[in-house]
>>> print(open('protein21.cif').read())   # mmCIF, C-alpha atoms
data_structure
loop_
_atom_site.label_atom_id
_atom_site.label_comp_id
_atom_site.auth_asym_id
_atom_site.auth_seq_id
_atom_site.Cartn_x
_atom_site.Cartn_y
_atom_site.Cartn_z
CA MET A 1 30.59 -21.45 57.73
CA GLY A 2 27.35 -22.64 59.16
CA LEU A 3 25.43 -19.39 58.64
CA GLU A 4 22.25 -21.39 58.21
CA ASN A 5 22.78 -22.98 61.60
CA THR A 6 23.16 -19.66 63.37
CA LEU A 7 20.25 -18.08 61.55
CA PHE A 8 18.09 -21.07 62.29
CA GLU A 9 18.95 -20.93 65.96
CA SER A 10 18.75 -17.18 66.45
CA LEU A 11 15.74 -16.22 64.34
CA PRO A 12 12.12 -17.31 64.44
CA ASP A 13 10.46 -19.04 61.47
CA ILE A 14 8.39 -16.00 60.54
CA LEU A 15 9.64 -12.43 60.52
CA THR A 16 7.52 -9.29 60.44
CA VAL A 17 9.23 -6.50 58.50
CA LYS A 18 8.37 -3.44 56.49
CA LEU A 19 7.76 -4.31 52.84
CA ASP A 20 9.78 -1.29 51.73
CA SER A 21 12.86 -2.31 53.64
CA VAL A 22 12.87 -5.84 52.25
CA ILE A 23 12.30 -4.79 48.66
CA ASN A 24 14.80 -1.95 48.86
CA TRP A 25 17.31 -4.28 50.42
CA ALA A 26 16.88 -6.68 47.50
CA ARG A 27 17.10 -3.88 44.97
CA LYS A 28 20.19 -2.26 46.38
CA SER A 29 21.98 -5.58 46.61
CA SER A 30 21.64 -6.37 42.92
CA LEU A 31 22.11 -3.14 41.02
CA TRP A 32 22.70 -4.01 37.40
CA PRO A 33 24.32 -1.18 35.44
CA ALA A 34 23.69 -0.64 31.76
CA THR A 35 26.85 -0.82 29.67
CA PHE A 36 27.14 2.75 28.54
CA GLY A 37 30.72 3.88 28.26
CA LEU A 38 31.09 7.22 26.51
CA ALA A 39 34.67 8.33 26.99
CA CYS A 40 37.76 7.91 29.14
CA CYS A 41 35.67 7.58 32.32
CA ALA A 42 34.49 4.27 30.92
CA ILE A 43 38.02 2.92 31.33
CA GLU A 44 37.82 3.66 35.05
CA MET A 45 34.32 2.12 35.11
CA MET A 46 35.72 -1.07 33.59
CA ASN A 47 38.48 -1.02 36.16
CA THR A 48 35.87 -0.73 38.90
CA VAL A 49 34.40 -4.10 38.02
CA SER A 50 37.78 -5.75 37.52
CA ALA A 51 39.59 -7.81 40.13
CA ARG A 52 41.37 -5.06 42.05
CA ASN A 53 38.33 -3.01 42.95
CA ASP A 54 35.71 -5.71 42.44
CA LEU A 55 32.35 -3.99 42.31
CA SER A 56 30.66 -7.36 42.76
CA ARG A 57 31.29 -7.01 46.49
CA PHE A 58 28.41 -4.53 46.37
CA GLY A 59 26.23 -6.50 43.98
CA ALA A 60 26.66 -4.15 41.03
CA GLU A 61 29.06 -6.02 38.78
CA THR A 62 26.60 -7.38 36.22
CA PHE A 63 26.80 -4.96 33.31
CA ARG A 64 23.97 -5.62 30.91
CA ALA A 65 24.11 -4.78 27.23
CA SER A 66 20.34 -4.38 27.13
CA PRO A 67 18.70 -1.47 28.92
CA ARG A 68 15.71 -3.72 29.55
CA GLN A 69 17.75 -5.66 32.06
CA ALA A 70 19.50 -2.75 33.72
CA ASP A 71 18.72 -0.78 36.86
CA VAL A 72 21.33 1.93 36.91
CA MET A 73 22.84 3.90 34.06
CA ILE A 74 26.40 5.07 34.67
CA VAL A 75 26.94 7.97 32.29
CA SER A 76 30.70 7.75 32.03
CA GLY A 77 32.05 10.54 29.90
CA ARG A 78 31.08 13.49 27.77
CA VAL A 79 27.66 13.44 26.17
CA SER A 80 27.60 15.01 22.72
CA ARG A 81 24.49 16.71 21.45
CA LYS A 82 24.11 14.00 18.88
CA MET A 83 24.35 11.32 21.56
CA ALA A 84 21.86 13.00 23.90
CA PRO A 85 18.66 11.67 22.24
CA VAL A 86 20.22 8.21 22.13
CA LEU A 87 21.10 8.41 25.81
CA ARG A 88 17.62 9.58 26.65
CA ARG A 89 16.16 6.73 24.64
CA ILE A 90 18.23 4.13 26.46
CA TYR A 91 17.10 5.70 29.71
CA ASP A 92 13.47 5.50 28.59
CA GLN A 93 13.91 1.85 27.71
CA MET A 94 15.10 0.95 31.18
CA PRO A 95 12.25 -0.37 33.34
CA GLU A 96 11.47 1.18 36.68
CA PRO A 97 13.07 1.31 39.17
CA LYS A 98 16.03 3.03 37.55
CA TRP A 99 18.78 5.31 38.67
CA VAL A 100 21.44 7.41 36.98
CA ILE A 101 25.00 8.05 38.09
CA SER A 102 26.72 10.96 36.38
CA MET A 103 30.37 9.94 36.38
CA GLY A 104 33.10 12.53 35.97
CA ALA A 105 33.30 16.24 35.29
CA CYS A 106 32.16 16.03 31.66
CA ALA A 107 28.95 14.15 32.33
CA THR A 108 28.20 16.37 35.31
CA SER A 109 28.87 19.81 33.84
CA GLY A 110 30.47 19.48 30.43
CA GLY A 111 33.91 19.69 32.01
CA VAL A 112 36.53 21.39 29.90
CA PHE A 113 34.39 20.93 26.79
CA ASP A 114 32.43 24.15 26.97
CA ASN A 115 31.43 24.15 23.31
CA TYR A 116 28.61 23.63 20.86
CA ALA A 117 29.09 19.88 20.58
CA ILE A 118 28.85 18.77 24.20
CA VAL A 119 25.80 18.81 26.46
CA GLN A 120 26.69 20.89 29.51
CA GLY A 121 25.66 18.35 32.08
CA VAL A 122 23.73 15.14 31.53
CA ASP A 123 21.06 16.34 33.98
CA LYS A 124 19.69 18.37 31.06
CA VAL A 125 18.78 15.05 29.44
CA VAL A 126 18.02 12.58 32.23
CA PRO A 127 17.43 13.00 35.98
CA VAL A 128 20.61 12.23 37.90
CA ASP A 129 20.76 10.59 41.32
CA ILE A 130 24.48 10.68 42.12
CA TYR A 131 27.18 12.99 40.76
CA VAL A 132 30.76 11.79 40.89
CA PRO A 133 33.42 14.51 40.51
CA GLY A 134 36.84 13.90 39.04
CA CYS A 135 38.57 13.77 35.69
CA PRO A 136 38.31 10.84 35.60
CA PRO A 137 37.14 9.72 39.04
CA ARG A 138 39.13 6.92 40.60
CA PRO A 139 37.40 3.54 40.75
CA GLU A 140 37.10 3.95 44.51
CA MET A 141 34.98 7.05 43.92
CA LEU A 142 32.64 5.10 41.67
CA VAL A 143 32.38 2.38 44.31
CA HIS A 144 31.56 5.09 46.81
CA ALA A 145 28.91 6.45 44.47
CA ILE A 146 27.34 3.01 44.21
CA MET A 147 27.31 2.76 47.99
CA MET A 148 25.72 6.20 48.29
CA LEU A 149 23.13 5.12 45.76
CA GLN A 150 22.43 2.07 47.88
CA GLU A 151 21.86 4.31 50.88
CA LYS A 152 19.51 6.41 48.77
CA ILE A 153 17.60 3.34 47.61
CA MET A 154 17.05 2.27 51.21
CA LYS A 155 15.21 5.55 51.83
CA GLU A 156 12.79 5.05 48.95
CA SER A 157 9.31 3.64 49.03
CA VAL A 158 7.88 1.06 46.66
CA LYS A 159 4.81 3.18 46.15
CA ASP A 160 6.81 5.88 44.34
CA ARG A 161 8.17 3.46 41.80
CA ARG A 162 5.10 1.93 40.27
CA ASP A 163 5.55 1.14 36.59
CA THR A 164 2.30 2.22 34.98
CA TYR A 165 1.39 2.46 31.34
CA GLU A 166 0.96 5.98 30.13
CA PRO A 167 -0.87 6.63 26.86
CA GLU A 168 1.71 9.25 25.93
CA SER A 169 4.55 6.82 26.36
CA ARG A 170 3.03 4.56 23.74
CA GLU A 171 2.51 7.35 21.24
CA SER A 172 5.64 9.36 21.70
CA ILE A 173 8.16 7.11 19.95
CA VAL A 174 7.63 5.37 16.65
CA PRO A 175 9.52 2.08 16.88
CA GLY A 176 12.67 1.93 14.79
CA THR A 177 13.04 5.67 14.38
CA LEU A 178 15.30 8.12 16.08
CA PRO A 179 15.23 11.87 15.65
CA VAL A 180 18.94 11.93 14.87
CA THR A 181 18.57 9.88 11.70
CA GLU A 182 16.14 12.22 9.99
CA GLY A 183 17.75 14.05 7.08
CA THR A 184 17.89 17.77 6.75
CA ALA A 185 16.82 19.54 3.61
CA LEU A 186 19.59 21.29 1.78
CA GLU A 187 18.30 24.79 1.17
CA ARG A 188 17.66 27.11 4.04
CA GLU A 189 14.14 27.92 2.82
CA THR A 190 13.05 24.31 2.54
CA GLU A 191 14.64 23.68 5.90
CA ILE A 192 12.39 26.26 7.49
CA GLU A 193 9.44 25.03 5.48
CA VAL A 194 10.01 21.49 6.65
CA ALA A 195 10.39 22.65 10.23
CA GLN A 196 7.11 24.55 10.04
CA ASN A 197 5.18 21.68 8.52
CA GLN A 198 6.55 19.08 10.88
CA VAL A 199 4.28 18.03 13.67
CA SER A 200 6.59 18.05 16.62
CA ARG A 201 6.29 15.06 18.85
CA PRO A 202 8.19 14.85 22.08
CA TYR A 203 10.53 11.89 22.10
CA THR A 204 11.09 11.98 25.80
CA ILE A 205 8.76 10.72 28.43
CA PRO A 206 9.02 12.31 31.84
CA SER A 207 9.94 9.51 34.18
CA ARG A 208 8.32 8.86 37.51
CA HIS A 209 10.64 10.83 39.66
CA GLU A 210 10.92 13.68 37.18
CA ARG A 211 7.20 14.16 37.62
CA ARG A 212 7.49 13.98 41.33
CA ARG A 213 10.24 16.54 41.28
CA SER A 214 8.31 19.01 39.14
CA SER A 215 5.02 18.64 40.98
CA MET B 1 59.91 14.24 -7.76
CA ILE B 2 58.80 17.84 -7.94
CA GLU B 3 59.71 18.02 -11.63
CA LYS B 4 57.44 15.07 -12.23
CA LEU B 5 54.58 16.95 -10.59
CA HIS B 6 55.23 20.01 -12.72
CA GLU B 7 55.01 17.78 -15.76
CA PHE B 8 51.47 16.93 -14.76
CA VAL B 9 50.69 20.63 -14.42
CA GLU B 10 52.03 21.17 -17.92
CA LYS B 11 49.88 18.31 -19.16
CA ILE B 12 46.82 19.96 -17.67
CA ARG B 13 47.86 23.23 -19.34
CA GLY B 14 48.35 21.38 -22.59
CA GLU B 15 44.85 19.96 -22.41
CA ASN B 16 43.24 23.30 -21.63
CA ALA B 17 45.20 26.33 -20.53
CA SER B 18 42.23 27.88 -18.72
CA TRP B 19 42.11 25.01 -16.23
CA VAL B 20 45.18 26.28 -14.38
CA SER B 21 44.80 29.72 -12.86
CA ASP B 22 47.79 29.47 -10.53
CA VAL B 23 50.37 27.00 -9.26
CA ALA B 24 51.85 26.94 -5.76
CA GLU B 25 54.77 24.87 -4.55
CA GLY B 26 55.88 24.07 -1.04
CA HIS B 27 57.25 21.21 1.06
CA GLY B 28 57.80 19.17 -2.07
CA GLU B 29 54.15 19.38 -2.99
CA VAL B 30 52.44 21.10 -5.89
CA THR B 31 49.06 22.75 -5.66
CA VAL B 32 47.08 23.69 -8.75
CA PHE B 33 44.47 26.41 -8.44
CA VAL B 34 41.57 25.49 -10.68
CA PRO B 35 38.63 27.74 -11.60
CA ARG B 36 35.36 26.56 -10.16
CA GLU B 37 33.66 25.78 -13.46
CA SER B 38 36.44 23.49 -14.73
CA ILE B 39 37.17 21.40 -11.63
CA VAL B 40 35.15 18.40 -12.84
CA ASP B 41 36.84 18.42 -16.24
CA THR B 42 40.27 18.70 -14.64
CA CYS B 43 39.55 15.85 -12.26
CA ALA B 44 38.20 13.68 -15.08
CA PHE B 45 41.27 14.42 -17.19
CA LEU B 46 43.66 13.56 -14.34
CA LYS B 47 41.77 10.43 -13.45
CA THR B 48 41.22 8.93 -16.88
CA GLN B 49 44.36 10.04 -18.72
CA GLN B 50 47.01 10.73 -16.09
CA GLY B 51 46.40 7.81 -13.74
CA PHE B 52 45.30 9.75 -10.64
CA ASP B 53 42.79 7.06 -9.77
CA MET B 54 42.43 7.77 -6.06
CA LEU B 55 40.89 10.72 -4.25
CA ALA B 56 42.89 10.57 -1.05
CA ASP B 57 41.02 13.43 0.61
CA LEU B 58 38.59 16.21 -0.10
CA CYS B 59 38.28 18.95 2.45
CA GLY B 60 37.07 22.48 2.88
CA VAL B 61 38.79 25.45 4.47
CA ASP B 62 37.31 28.65 5.84
CA ARG B 63 39.94 31.38 5.64
CA GLY B 64 37.82 33.74 7.72
CA PRO B 65 34.98 36.18 6.98
CA GLU B 66 37.37 39.04 6.18
CA VAL B 67 39.19 37.17 3.42
CA ASP B 68 37.91 37.10 -0.13
CA PRO B 69 37.48 34.51 -1.57
CA ARG B 70 36.55 33.03 1.74
CA PHE B 71 36.37 29.29 1.17
CA GLU B 72 38.63 26.81 -0.49
CA VAL B 73 37.99 23.19 -1.40
CA ASN B 74 41.04 20.95 -1.67
CA TYR B 75 41.21 17.80 -3.74
CA HIS B 76 44.11 15.57 -2.76
CA LEU B 77 44.74 13.21 -5.63
CA PHE B 78 46.95 10.16 -5.52
CA SER B 79 47.99 7.70 -8.17
CA THR B 80 48.34 4.07 -7.24
CA LYS B 81 50.14 3.52 -10.56
CA HIS B 82 52.97 6.05 -10.48
CA HIS B 83 52.71 7.07 -6.80
CA ASN B 84 52.43 10.81 -7.22
CA ARG B 85 50.34 13.22 -5.23
CA LEU B 86 48.75 16.34 -6.63
CA ARG B 87 46.52 18.86 -4.93
CA LEU B 88 43.80 20.80 -6.69
CA LYS B 89 42.33 23.86 -5.05
CA VAL B 90 39.10 25.69 -5.80
CA LEU B 91 38.41 29.11 -4.31
CA LEU B 92 34.83 30.10 -3.53
CA ASN B 93 33.12 33.33 -2.56
CA GLU B 94 31.06 33.66 0.58
CA GLU B 95 27.99 34.76 -1.38
CA ASP B 96 28.10 31.81 -3.75
CA PRO B 97 29.77 28.77 -2.14
CA HIS B 98 28.74 26.34 -4.86
CA VAL B 99 30.96 23.85 -6.64
CA ALA B 100 30.14 20.86 -8.81
CA THR B 101 30.37 17.42 -7.24
CA VAL B 102 32.95 14.82 -8.21
CA THR B 103 31.01 11.86 -6.81
CA HIS B 104 30.54 10.40 -10.29
CA LEU B 105 34.34 10.18 -10.64
CA TRP B 106 35.23 8.91 -7.15
CA ARG B 107 32.54 7.33 -5.01
CA THR B 108 34.50 8.25 -1.89
CA ALA B 109 33.80 11.91 -2.56
CA ASP B 110 30.23 11.31 -1.37
CA TRP B 111 30.95 11.39 2.34
CA HIS B 112 33.84 13.84 2.04
CA GLU B 113 31.58 16.35 0.34
CA ARG B 114 28.88 15.76 2.93
CA GLU B 115 31.42 16.49 5.65
CA THR B 116 32.60 19.65 3.89
CA TYR B 117 29.00 20.79 3.52
CA ASP B 118 28.30 19.94 7.14
CA LEU B 119 31.22 21.75 8.74
CA VAL B 120 32.11 24.55 6.32
CA GLY B 121 28.91 25.05 4.37
CA VAL B 122 30.16 24.54 0.83
CA ILE B 123 27.34 23.28 -1.36
CA PHE B 124 28.19 20.63 -3.93
CA ASP B 125 25.84 20.85 -6.91
CA GLY B 126 24.71 17.51 -8.23
CA HIS B 127 25.54 15.57 -5.08
CA PRO B 128 23.16 12.59 -4.71
CA ASP B 129 22.50 12.97 -0.98
CA LEU B 130 23.84 16.21 0.46
CA ARG B 131 22.89 16.26 4.12
CA ARG B 132 24.74 16.50 7.39
CA ILE B 133 27.01 13.63 8.32
CA LEU B 134 28.75 14.52 11.60
CA LEU B 135 26.60 17.10 13.32
CA PRO B 136 23.00 16.45 14.40
CA SER B 137 20.49 16.91 11.62
CA ASP B 138 18.80 19.82 13.41
CA PHE B 139 22.08 21.68 13.89
CA ASP B 140 22.06 25.39 13.20
CA GLY B 141 24.94 26.76 11.15
CA HIS B 142 28.25 25.27 10.12
CA ALA B 143 30.56 24.54 12.99
CA LEU B 144 34.01 25.00 11.42
CA ARG B 145 33.32 28.45 10.04
CA LYS B 146 35.56 31.01 11.67
CA ASP B 147 32.63 33.18 12.75
CA TYR B 148 30.72 30.32 14.38
CA PRO B 149 30.48 30.99 18.14
CA LEU B 150 32.25 28.39 20.25
CA ARG B 151 29.18 27.64 22.36
CA GLY B 152 26.76 27.57 19.46
CA TYR B 153 23.90 29.90 18.70
CA GLU B 154 21.54 28.78 21.41
CA PRO B 155 21.76 26.77 24.61
CA TYR B 156 21.06 23.08 24.42
CA SER B 157 17.62 21.68 25.04
CA LEU B 158 16.43 18.19 24.17
CA ASN B 159 13.01 19.14 22.87
#
>>> encode(input="protein21.cif", output="structure tokens")
Amino acid sequence: MGLENTLFESLPDILTVKLDSVINWARKSSLWPATFGLACCAIEMMNTVSARNDLSRFGAETFRASPRQADVMIVSGRVSRKMAPVLRRIYDQMPEPKWVISMGACATSGGVFDNYAIVQGVDKVVPVDIYVPGCPPRPEMLVHAIMMLQEKIMKESVKDRRDTYEPESRESIVPGTLPVTEGTALERETEIEVAQNQVSRPYTIPSRHERRRSS
Amino acid sequence: MIEKLHEFVEKIRGENASWVSDVAEGHGEVTVFVPRESIVDTCAFLKTQQGFDMLADLCGVDRGPEVDPRFEVNYHLFSTKHHNRLRLKVLLNEEDPHVATVTHLWRTADWHERETYDLVGVIFDGHPDLRRILLPSDFDGHALRKDYPLRGYEPYSLN
């Protein structure tokens, strides 16, 4: 191809650019999603990275099983109330910068599942950057969502995404525990008694851009 | 086949006539209504002496708040020796939805009884670890009761 030849001939040795644009360009070109399939939308998400639609054209094909290595969480499917703390925890474990795509009608608004078991919109649990409509959305729509997210990333500034240590984030979660695994007392009276004696600790940490949004 | 099942009912009657309060038959199946206080004895008798060694299912039913007795607990027994199925049924009042556990007879009853407690609200006395199994531990109410509102009692919030 000889791209190096053309670049070498057409560009100077040293370029002066905005730091934001270079870093954002690098970030948007290697978005790594967290593997987080919840329902039938996950099938379309898998199809998006497969050969026909090939999400790797946009640098977002590397699905990581660990939230520590992921940049974007694609919430693909309905989020049950029991899953919501788990989802929030995975979101909290992702390092900044991080983004969330709400894929499909169920993740966005609960969809047809307007009942006690399903969270009516994942934006009640985590802040969402891109909503994708559809039931399920076609893979092309997810590709479009990734591209819109890339446009959004290009408008960001590095200063907003500093990863600082908060004292509350260290105290809020005891390692190895999840609120969902705590047992409930059998009798109604002891249940209330336990609830009254329990020191409630928040198990969510407001993320950077949640704070920015509320302030 | 159905005659064979009625023989088992007669055997239960022969052991203790008060264990059978009613018998229903339909679709080639036989259901024995058992009083609440004798369900453990009946199950033990069927398991140890009649070869019903497997508890295929244990489930609860809410017939609705206007029906009395409101709840029923069904014990679906199966024999891996003579391949017969028998259903035992216990009826429970809304005010006192207690029934003795059968976990000491069949270990599988542990999770089935937890599920029945979780969704219908039947309390199994003597259960080793009776807490919710499907719904979140902080869930309010019992979801499969007929008077439970579809959207729950309060809107969702994470904290």
>>> resolve_selection(input="protein21.cif", expression="the PyMOL selection byres ((chain B) within 10 of (chain A))", output="PDB file with C-alpha atoms, in the frame of the given file")
ATOM      1  CA  TYR B 117      29.000  20.790   3.520  1.00  0.00           C
ATOM      2  CA  ILE B 123      27.340  23.280  -1.360  1.00  0.00           C
ATOM      3  CA  ASP B 129      22.500  12.970  -0.980  1.00  0.00           C
ATOM      4  CA  LEU B 130      23.840  16.210   0.460  1.00  0.00           C
ATOM      5  CA  ARG B 131      22.890  16.260   4.120  1.00  0.00           C
ATOM      6  CA  ARG B 132      24.740  16.500   7.390  1.00  0.00           C
ATOM      7  CA  ILE B 133      27.010  13.630   8.320  1.00  0.00           C
ATOM      8  CA  LEU B 134      28.750  14.520  11.600  1.00  0.00           C
ATOM      9  CA  LEU B 135      26.600  17.100  13.320  1.00  0.00           C
ATOM     10  CA  PRO B 136      23.000  16.450  14.400  1.00  0.00           C
ATOM     11  CA  SER B 137      20.490  16.910  11.620  1.00  0.00           C
ATOM     12  CA  ASP B 138      18.800  19.820  13.410  1.00  0.00           C
ATOM     13  CA  PHE B 139      22.080  21.680  13.890  1.00  0.00           C
ATOM     14  CA  ALA B 143      30.560  24.540  12.990  1.00  0.00           C
ATOM     15  CA  TYR B 148      30.720  30.320  14.380  1.00  0.00           C
ATOM     16  CA  PRO B 149      30.480  30.990  18.140  1.00  0.00           C
ATOM     17  CA  LEU B 150      32.250  28.390  20.250  1.00  0.00           C
ATOM     18  CA  ARG B 151      29.180  27.640  22.360  1.00  0.00           C
ATOM     19  CA  GLY B 152      26.760  27.570  19.460  1.00  0.00           C
ATOM     20  CA  TYR B 153      23.900  29.900  18.700  1.00  0.00           C
ATOM     21  CA  GLU B 154      21.540  28.780  21.410  1.00  0.00           C
ATOM     22  CA  PRO B 155      21.760  26.770  24.610  1.00  0.00           C
ATOM     23  CA  TYR B 156      21.060  23.080  24.420  1.00  0.00           C
ATOM     24  CA  SER B 157      17.620  21.680  25.040  1.00  0.00           C
ATOM     25  CA  LEU B 158      16.430  18.190  24.170  1.00  0.00           C
ATOM     26  CA  ASN B 159      13.010  19.140  22.870  1.00  0.00           C
TER      27      ASN B 159
END
>>> resolve_selection(input="protein21.cif", expression="the PyMOL selection byres ((chain B and resi 6) around 12)", output="MDAnalysis selection string")
chainID B and resid 1:5 7:13 20 23:25 28:32 84:87
>>> residues_near_point(input="protein21.cif", point="(44.1, 23.4, 3.1)", cutoff="8 Å", atoms="all atoms listed in the file", output="list in words")
Cys59, Gly60, Val61, Glu72, Val73 and Asn74 of chain B
>>> residues_around(input="protein21.cif", residues="range 10-21 of chain A", least_positions_apart="3", cutoff="7 Å", atoms="all atoms listed in the file", output="PyMOL selection string")
chain A and resi 6-7+24-25+154+157-158
>>> residues_around(input="protein21.cif", residues="range 59-70 of chain A", least_positions_apart="5", cutoff="12 Å", atoms="all atoms listed in the file", output="MDAnalysis selection string")
chainID A and resid 25:37 45:51 53:54 86:100 142:147 149:150
>>> atom_distance(input="protein21.cif", atom1="CA of Glu15 in chain B", atom2="CA of Thr42 in chain B")
9.1 Å
>>> axis_aligned_box(input="protein21.cif", around="range 111-119 of chain B", padding_each_side="4 Å", output="AutoDock Vina command-line options")
--center_x 31.1 --center_y 16.6 --center_z 4.5 --size_x 13.5 --size_y 18.4 --size_z 16.4
>>> atom_distance(input="protein21.cif", atom1="CA of Ile39 in chain B", atom2="CA of Ala100 in chain B")
7.6 Å
>>> atom_distance(input="protein21.cif", atom1="CA of Met141 in chain A", atom2="CA of Lys155 in chain A")
21.3 Å
>>> closest_residue(input="protein21.cif", among="B:Asp125, B:Leu119, B:Glu113, B:Thr48", to="Gly141 in chain B", atoms="all atoms listed in the file")
B:Leu119
>>> closest_residue(input="protein21.cif", among="A:Glu140, A:Ala42, A:Asn5, A:Val75", to="Thr108 in chain A", atoms="only C-alpha atoms")
A:Val75
>>> decode(input="protein21.cif", residues="range 141-157 of chain A", atoms="N, CA and C atoms", output="mmCIF file, in the first residue's frame")
data_model
loop_
_atom_site.group_PDB
_atom_site.id
_atom_site.type_symbol
_atom_site.label_atom_id
_atom_site.label_comp_id
_atom_site.auth_asym_id
_atom_site.auth_seq_id
_atom_site.Cartn_x
_atom_site.Cartn_y
_atom_site.Cartn_z
ATOM 1 N N MET A 141 -28.161 -1.361 13.546
ATOM 2 C CA MET A 141 -28.499 -0.284 14.483
ATOM 3 C C MET A 141 -27.473 -0.213 15.610
ATOM 4 N N LEU A 142 -26.989 -1.369 16.027
ATOM 5 C CA LEU A 142 -25.959 -1.366 17.071
ATOM 6 C C LEU A 142 -24.656 -0.778 16.534
ATOM 7 N N VAL A 143 -24.336 -1.095 15.288
ATOM 8 C CA VAL A 143 -23.157 -0.498 14.660
ATOM 9 C C VAL A 143 -23.314 1.014 14.599
ATOM 10 N N HIS A 144 -24.531 1.451 14.252
ATOM 11 C CA HIS A 144 -24.792 2.880 14.208
ATOM 12 C C HIS A 144 -24.647 3.505 15.597
ATOM 13 N N ALA A 145 -25.099 2.779 16.604
ATOM 14 C CA ALA A 145 -24.969 3.292 17.969
ATOM 15 C C ALA A 145 -23.504 3.444 18.357
ATOM 16 N N ILE A 146 -22.689 2.475 17.956
ATOM 17 C CA ILE A 146 -21.258 2.561 18.251
ATOM 18 C C ILE A 146 -20.661 3.774 17.547
ATOM 19 N N MET A 147 -21.095 3.998 16.314
ATOM 20 C CA MET A 147 -20.557 5.144 15.570
ATOM 21 C C MET A 147 -21.012 6.459 16.201
ATOM 22 N N MET A 148 -22.268 6.491 16.676
ATOM 23 C CA MET A 148 -22.724 7.706 17.366
ATOM 24 C C MET A 148 -21.949 7.925 18.653
ATOM 25 N N LEU A 149 -21.643 6.817 19.334
ATOM 26 C CA LEU A 149 -20.844 6.933 20.555
ATOM 27 C C LEU A 149 -19.456 7.468 20.232
ATOM 28 N N GLN A 150 -18.919 7.041 19.100
ATOM 29 C CA GLN A 150 -17.603 7.545 18.708
ATOM 30 C C GLN A 150 -17.650 9.050 18.455
ATOM 31 N N GLU A 151 -18.746 9.496 17.820
ATOM 32 C CA GLU A 151 -18.892 10.941 17.616
ATOM 33 C C GLU A 151 -18.971 11.661 18.951
ATOM 34 N N LYS A 152 -19.679 11.039 19.893
ATOM 35 C CA LYS A 152 -19.823 11.656 21.217
ATOM 36 C C LYS A 152 -18.471 11.713 21.937
ATOM 37 N N ILE A 153 -17.686 10.657 21.790
ATOM 38 C CA ILE A 153 -16.385 10.625 22.458
ATOM 39 C C ILE A 153 -15.498 11.738 21.928
ATOM 40 N N MET A 154 -15.592 12.007 20.610
ATOM 41 C CA MET A 154 -14.744 13.039 20.025
ATOM 42 C C MET A 154 -15.053 14.414 20.584
ATOM 43 N N LYS A 155 -16.251 14.586 21.164
ATOM 44 C CA LYS A 155 -16.612 15.901 21.714
ATOM 45 C C LYS A 155 -16.211 16.034 23.164
ATOM 46 N N GLU A 156 -15.686 14.971 23.764
ATOM 47 C CA GLU A 156 -15.364 15.027 25.187
ATOM 48 C C GLU A 156 -14.001 15.660 25.425
ATOM 49 N N SER A 157 -13.745 15.934 26.692
ATOM 50 C CA SER A 157 -12.441 16.458 27.061
ATOM 51 C C SER A 157 -11.816 15.533 28.099
#
